[in-house]
Amino acid sequence: MTARQALAAWLDYLTLERRASPRTVRAYGDNVLAYLNFLEGHRGETLALSALGDVSAADLRGYLAFRRQERGAGEHALAPRSISQALSSIRAFHRYVDQRHGVANAAIGLVRGPRLKVGLPRPVSEDQARDLIAEAAGDVEREPWETARDEAVLTLLWGCGLRISEALSLTWADAPLGAALRITGKGGKTRITPVLDAVREAVAVYVDELPFVLSPDEPLFRAKRGGPLSPRHVQGLVQTLRGRLGLSDRVTPHAFRHAFATHLLGAGADLRAIQDLLGHASLSTTQRYTQVDAAGLLAAYQAAHPKA
């Protein structure tokens, strides 16, 4: 077996056994294929599977350094985060060939990626969220069902903490919404999300106004001409609304999901509960919101305390 054949088998494993998303599989495949191309170019021959056990830490560092360089012809140097993602893909591939084919390589674990500065989530404030939703609902230049749709989508993002893809994955069979939604998020992980009365009402208004007849398995949210609503529409909607309201370009659809978490945390919700509601695999991902909330408390203290 060649290293390329092992790569193809690994991608099949990720797709069929691990049920990774097509985007994840494509990213892993692109990263590891570029790595194998580099090794074969360096050695001047097709790489056998057994040769993966001989790759040294210096070889891998050389590859990462190669990816950091501008090479012209439209090939740009990778940013530190992309370098880190490439290294993560390569390590995962080597773990697979070790576990499935017995080709171990301890040297890969000696290579460290670039240090990354982890940015804090950027939520919208409660007032900003309300203003954005009200602005979407009050657009008199659009059809009533379209404004009802936009209001319903934004209310879902904020009220349930959904990603855009999760909100747009709802089908006609999900309407009218019940007390909770079963959401399938990243990596095929399923979670139960409670639905607030305000969210149910917003979706119900949209359903009543919708001019199209849908089958149970069709996406609930529709575009102007009747096709499924795209994430790009929601992104463009928020971009338009923030321009009207004079808000920062940091206000994005995902900022509603961040707001969901920070507003719950500020109201005293348990961090583990927020982790479950967001569908985070790791608590460390959710813990970033404690830093956002602490920053908000400090700002309020400095603004209100007479000795600040």
# chains A, B, ... in the order shown; residues from 1 in each chain; ligands from 1
call {"tool": "residues_around", "arguments": {"residues": "Leu245 of chain A", "least_positions_apart": "6", "cutoff": "10 Å", "atoms": "only C-alpha atoms", "output": "VMD selection string"}}
result
chain A and resid 128 131 to 132 135
call {"tool": "closest_atom_pairs", "arguments": {"of": "segment 104-167 of chain A", "to": "segment 76-96 of chain A", "cutoff": "10 Å", "atoms": "only C-alpha atoms", "output": "JSON lines"}}
result
{"residue": "A:Ala104", "atom": "CA", "partner": "A:His94", "partner_atom": "CA", "distance": 7.4}
{"residue": "A:Asn105", "atom": "CA", "partner": "A:His94", "partner_atom": "CA", "distance": 7.2}
{"residue": "A:Ala106", "atom": "CA", "partner": "A:His94", "partner_atom": "CA", "distance": 9.5}
{"residue": "A:Ile108", "atom": "CA", "partner": "A:Arg91", "partner_atom": "CA", "distance": 6.8}
{"residue": "A:Gly109", "atom": "CA", "partner": "A:Arg91", "partner_atom": "CA", "distance": 7.6}
{"residue": "A:Val111", "atom": "CA", "partner": "A:Leu87", "partner_atom": "CA", "distance": 8.7}
{"residue": "A:Arg112", "atom": "CA", "partner": "A:Leu87", "partner_atom": "CA", "distance": 8.4}
{"residue": "A:Gly113", "atom": "CA", "partner": "A:Ser84", "partner_atom": "CA", "distance": 5.4}
{"residue": "A:Pro114", "atom": "CA", "partner": "A:Pro80", "partner_atom": "CA", "distance": 5.9}
{"residue": "A:Arg115", "atom": "CA", "partner": "A:Pro80", "partner_atom": "CA", "distance": 7.7}
{"residue": "A:Leu116", "atom": "CA", "partner": "A:Arg81", "partner_atom": "CA", "distance": 6.7}
{"residue": "A:Lys117", "atom": "CA", "partner": "A:Arg81", "partner_atom": "CA", "distance": 9.2}
call {"tool": "closest_residue", "arguments": {"among": "A:Asn37, A:Trp10, A:Arg232, A:Leu237", "to": "Glu151 of chain A", "atoms": "only C-alpha atoms"}}
result
A:Leu237
call {"tool": "residues_around", "arguments": {"residues": "segment 223-225 of chain A", "least_positions_apart": "4", "cutoff": "8 Å", "atoms": "only C-alpha atoms", "output": "PyMOL selection string"}}
result
chain A and resi 146+229-230
call {"tool": "select_by_dssp", "arguments": {"residues": "segment 200-288 of chain A", "states": "alpha helix (DSSP H)", "output": "PyMOL selection string"}}
result
chain A and resi 200-209+231-245+253-266+271-278+283-286+288
call {"tool": "write_last_selection", "arguments": {"atoms": "C-alpha atoms", "output": "tab-separated table (two decimals), in the first residue's frame"}}
result
chain	number	residue	atom	x	y	z
A	200	ARG	CA	-42.25	29.83	18.77
A	201	GLU	CA	-44.37	32.90	18.07
A	202	ALA	CA	-41.90	34.36	15.55
A	203	VAL	CA	-41.73	31.07	13.64
A	204	ALA	CA	-45.52	30.67	13.79
A	205	VAL	CA	-46.03	34.11	12.22
A	206	TYR	CA	-43.62	33.21	9.42
A	207	VAL	CA	-45.37	29.87	8.80
A	208	ASP	CA	-48.76	31.62	8.57
A	209	GLU	CA	-47.38	34.14	6.05
A	231	PRO	CA	-26.54	31.05	4.84
A	232	ARG	CA	-25.31	33.79	2.54
A	233	HIS	CA	-28.72	35.46	2.70
A	234	VAL	CA	-28.62	35.56	6.50
A	235	GLN	CA	-25.09	36.95	6.45
A	236	GLY	CA	-26.11	39.62	3.94
A	237	LEU	CA	-29.20	40.47	5.99
A	238	VAL	CA	-27.18	41.11	9.14
A	239	GLN	CA	-24.64	43.13	7.16
A	240	THR	CA	-27.46	45.35	5.84
A	241	LEU	CA	-29.09	45.73	9.25
A	242	ARG	CA	-25.88	46.64	11.05
A	243	GLY	CA	-25.19	49.27	8.37
A	244	ARG	CA	-28.58	50.84	8.96
A	245	LEU	CA	-28.07	50.88	12.73
A	253	PRO	CA	-25.12	36.10	12.57
A	254	HIS	CA	-22.78	34.08	14.79
A	255	ALA	CA	-22.72	36.99	17.25
A	256	PHE	CA	-26.34	36.11	18.11
A	257	ARG	CA	-25.16	32.65	19.21
A	258	HIS	CA	-22.43	34.26	21.31
A	259	ALA	CA	-25.06	36.57	22.81
A	260	PHE	CA	-27.20	33.57	23.74
A	261	ALA	CA	-24.31	32.16	25.79
A	262	THR	CA	-23.11	35.37	27.43
A	263	HIS	CA	-26.61	36.53	28.35
A	264	LEU	CA	-27.36	33.17	29.97
A	265	LEU	CA	-24.04	33.25	31.81
A	266	GLY	CA	-24.65	36.81	32.99
A	271	LEU	CA	-21.48	26.68	32.57
A	272	ARG	CA	-22.08	22.95	32.00
A	273	ALA	CA	-25.69	23.65	31.03
A	274	ILE	CA	-24.54	26.28	28.54
A	275	GLN	CA	-22.07	23.77	27.11
A	276	ASP	CA	-24.91	21.32	26.50
A	277	LEU	CA	-27.17	23.99	25.01
A	278	LEU	CA	-24.47	25.09	22.57
A	283	LEU	CA	-15.95	22.68	28.29
A	284	SER	CA	-12.83	24.73	27.51
A	285	THR	CA	-14.63	26.11	24.43
A	286	THR	CA	-17.55	27.25	26.57
A	288	ARG	CA	-14.26	31.51	26.86
call {"tool": "residues_around", "arguments": {"residues": "Ala180 of chain A", "least_positions_apart": "5", "cutoff": "12 Å", "atoms": "only C-alpha atoms", "output": "PyMOL selection string"}}
result
chain A and resi 156+159-160+174-175+191-197+199-200+277
call {"tool": "atom_distance", "arguments": {"atom1": "atom CA of Arg19 of chain A", "atom2": "atom CA of Gly188 of chain A"}}
result
6.9 Å
call {"tool": "atom_distance", "arguments": {"atom1": "atom CA of Thr15 of chain A", "atom2": "atom CA of Leu33 of chain A"}}
result
16.6 Å
call {"tool": "closest_residue", "arguments": {"among": "A:Ala173, A:Ile164, A:Leu49, A:Leu11", "to": "Thr24 of chain A", "atoms": "only C-alpha atoms"}}
result
A:Leu11
call {"tool": "residues_around", "arguments": {"residues": "Gly62 of chain A", "least_positions_apart": "4", "cutoff": "12 Å", "atoms": "only C-alpha atoms", "output": "ChimeraX atom specification"}}
result
/A:35,38-39,42,55-58,66-69,111
call {"tool": "write_last_selection", "arguments": {"atoms": "C-alpha atoms", "output": "mmCIF file, in the first residue's frame"}}
result
data_model
loop_
_atom_site.group_PDB
_atom_site.id
_atom_site.type_symbol
_atom_site.label_atom_id
_atom_site.label_comp_id
_atom_site.auth_asym_id
_atom_site.auth_seq_id
_atom_site.Cartn_x
_atom_site.Cartn_y
_atom_site.Cartn_z
ATOM 1 C CA TYR A 35 2.045 17.015 2.997
ATOM 2 C CA PHE A 38 5.995 17.646 -0.316
ATOM 3 C CA LEU A 39 7.523 14.425 1.011
ATOM 4 C CA HIS A 42 11.681 15.900 -1.352
ATOM 5 C CA VAL A 55 9.426 10.777 8.547
ATOM 6 C CA SER A 56 11.540 12.761 10.979
ATOM 7 C CA ALA A 57 10.600 15.788 13.072
ATOM 8 C CA ALA A 58 12.959 17.788 10.862
ATOM 9 C CA PHE A 66 7.581 25.479 3.326
ATOM 10 C CA ARG A 67 3.879 26.217 3.877
ATOM 11 C CA ARG A 68 4.750 29.495 5.614
ATOM 12 C CA GLN A 69 6.534 30.807 2.516
ATOM 13 C CA VAL A 111 6.685 18.982 16.474
#
call {"tool": "atom_distance", "arguments": {"atom1": "atom CA of Ala9 of chain A", "atom2": "atom CA of Ala65 of chain A"}}
result
27.6 Å
call {"tool": "closest_residue", "arguments": {"among": "A:Leu177, A:Ala6, A:Ala134, A:Ala20", "to": "Leu47 of chain A", "atoms": "only C-alpha atoms"}}
result
A:Ala6
call {"tool": "closest_residue", "arguments": {"among": "A:Ala48, A:Ala136, A:Leu60, A:Val124", "to": "Thr252 of chain A", "atoms": "only C-alpha atoms"}}
result
A:Val124
call {"tool": "residues_around", "arguments": {"residues": "Arg149 of chain A", "least_positions_apart": "4", "cutoff": "7 Å", "atoms": "only C-alpha atoms", "output": "number ranges by chain"}}
result
A: 145, 153, 206, 221
call {"tool": "closest_residue", "arguments": {"among": "A:Leu7, A:Ala179, A:Ser282, A:Leu168", "to": "Arg100 of chain A", "atoms": "only C-alpha atoms"}}
result
A:Leu7
call {"tool": "closest_residue", "arguments": {"among": "A:Leu214, A:Val25, A:Ile133, A:Ala269", "to": "Trp172 of chain A", "atoms": "only C-alpha atoms"}}
result
A:Leu214
call {"tool": "residues_around", "arguments": {"residues": "Ser50 of chain A", "least_positions_apart": "2", "cutoff": "8 Å", "atoms": "only C-alpha atoms", "output": "mmCIF file with C-alpha atoms, in the first residue's frame"}}
result
data_model
loop_
_atom_site.group_PDB
_atom_site.id
_atom_site.type_symbol
_atom_site.label_atom_id
_atom_site.label_comp_id
_atom_site.auth_asym_id
_atom_site.auth_seq_id
_atom_site.Cartn_x
_atom_site.Cartn_y
_atom_site.Cartn_z
ATOM 1 C CA ALA A 3 0.792 6.503 1.450
ATOM 2 C CA ALA A 48 5.218 3.793 0.448
ATOM 3 C CA LEU A 52 5.572 7.227 6.909
ATOM 4 C CA GLY A 53 7.255 5.650 9.917
ATOM 5 C CA ASP A 54 10.572 7.155 8.812
ATOM 6 C CA VAL A 103 3.119 2.161 11.077
#
call {"tool": "select_by_dssp", "arguments": {"residues": "segment 189-227 of chain A", "states": "strand (DSSP E)", "output": "MDAnalysis selection string"}}
result
chainID A and resid 190:194
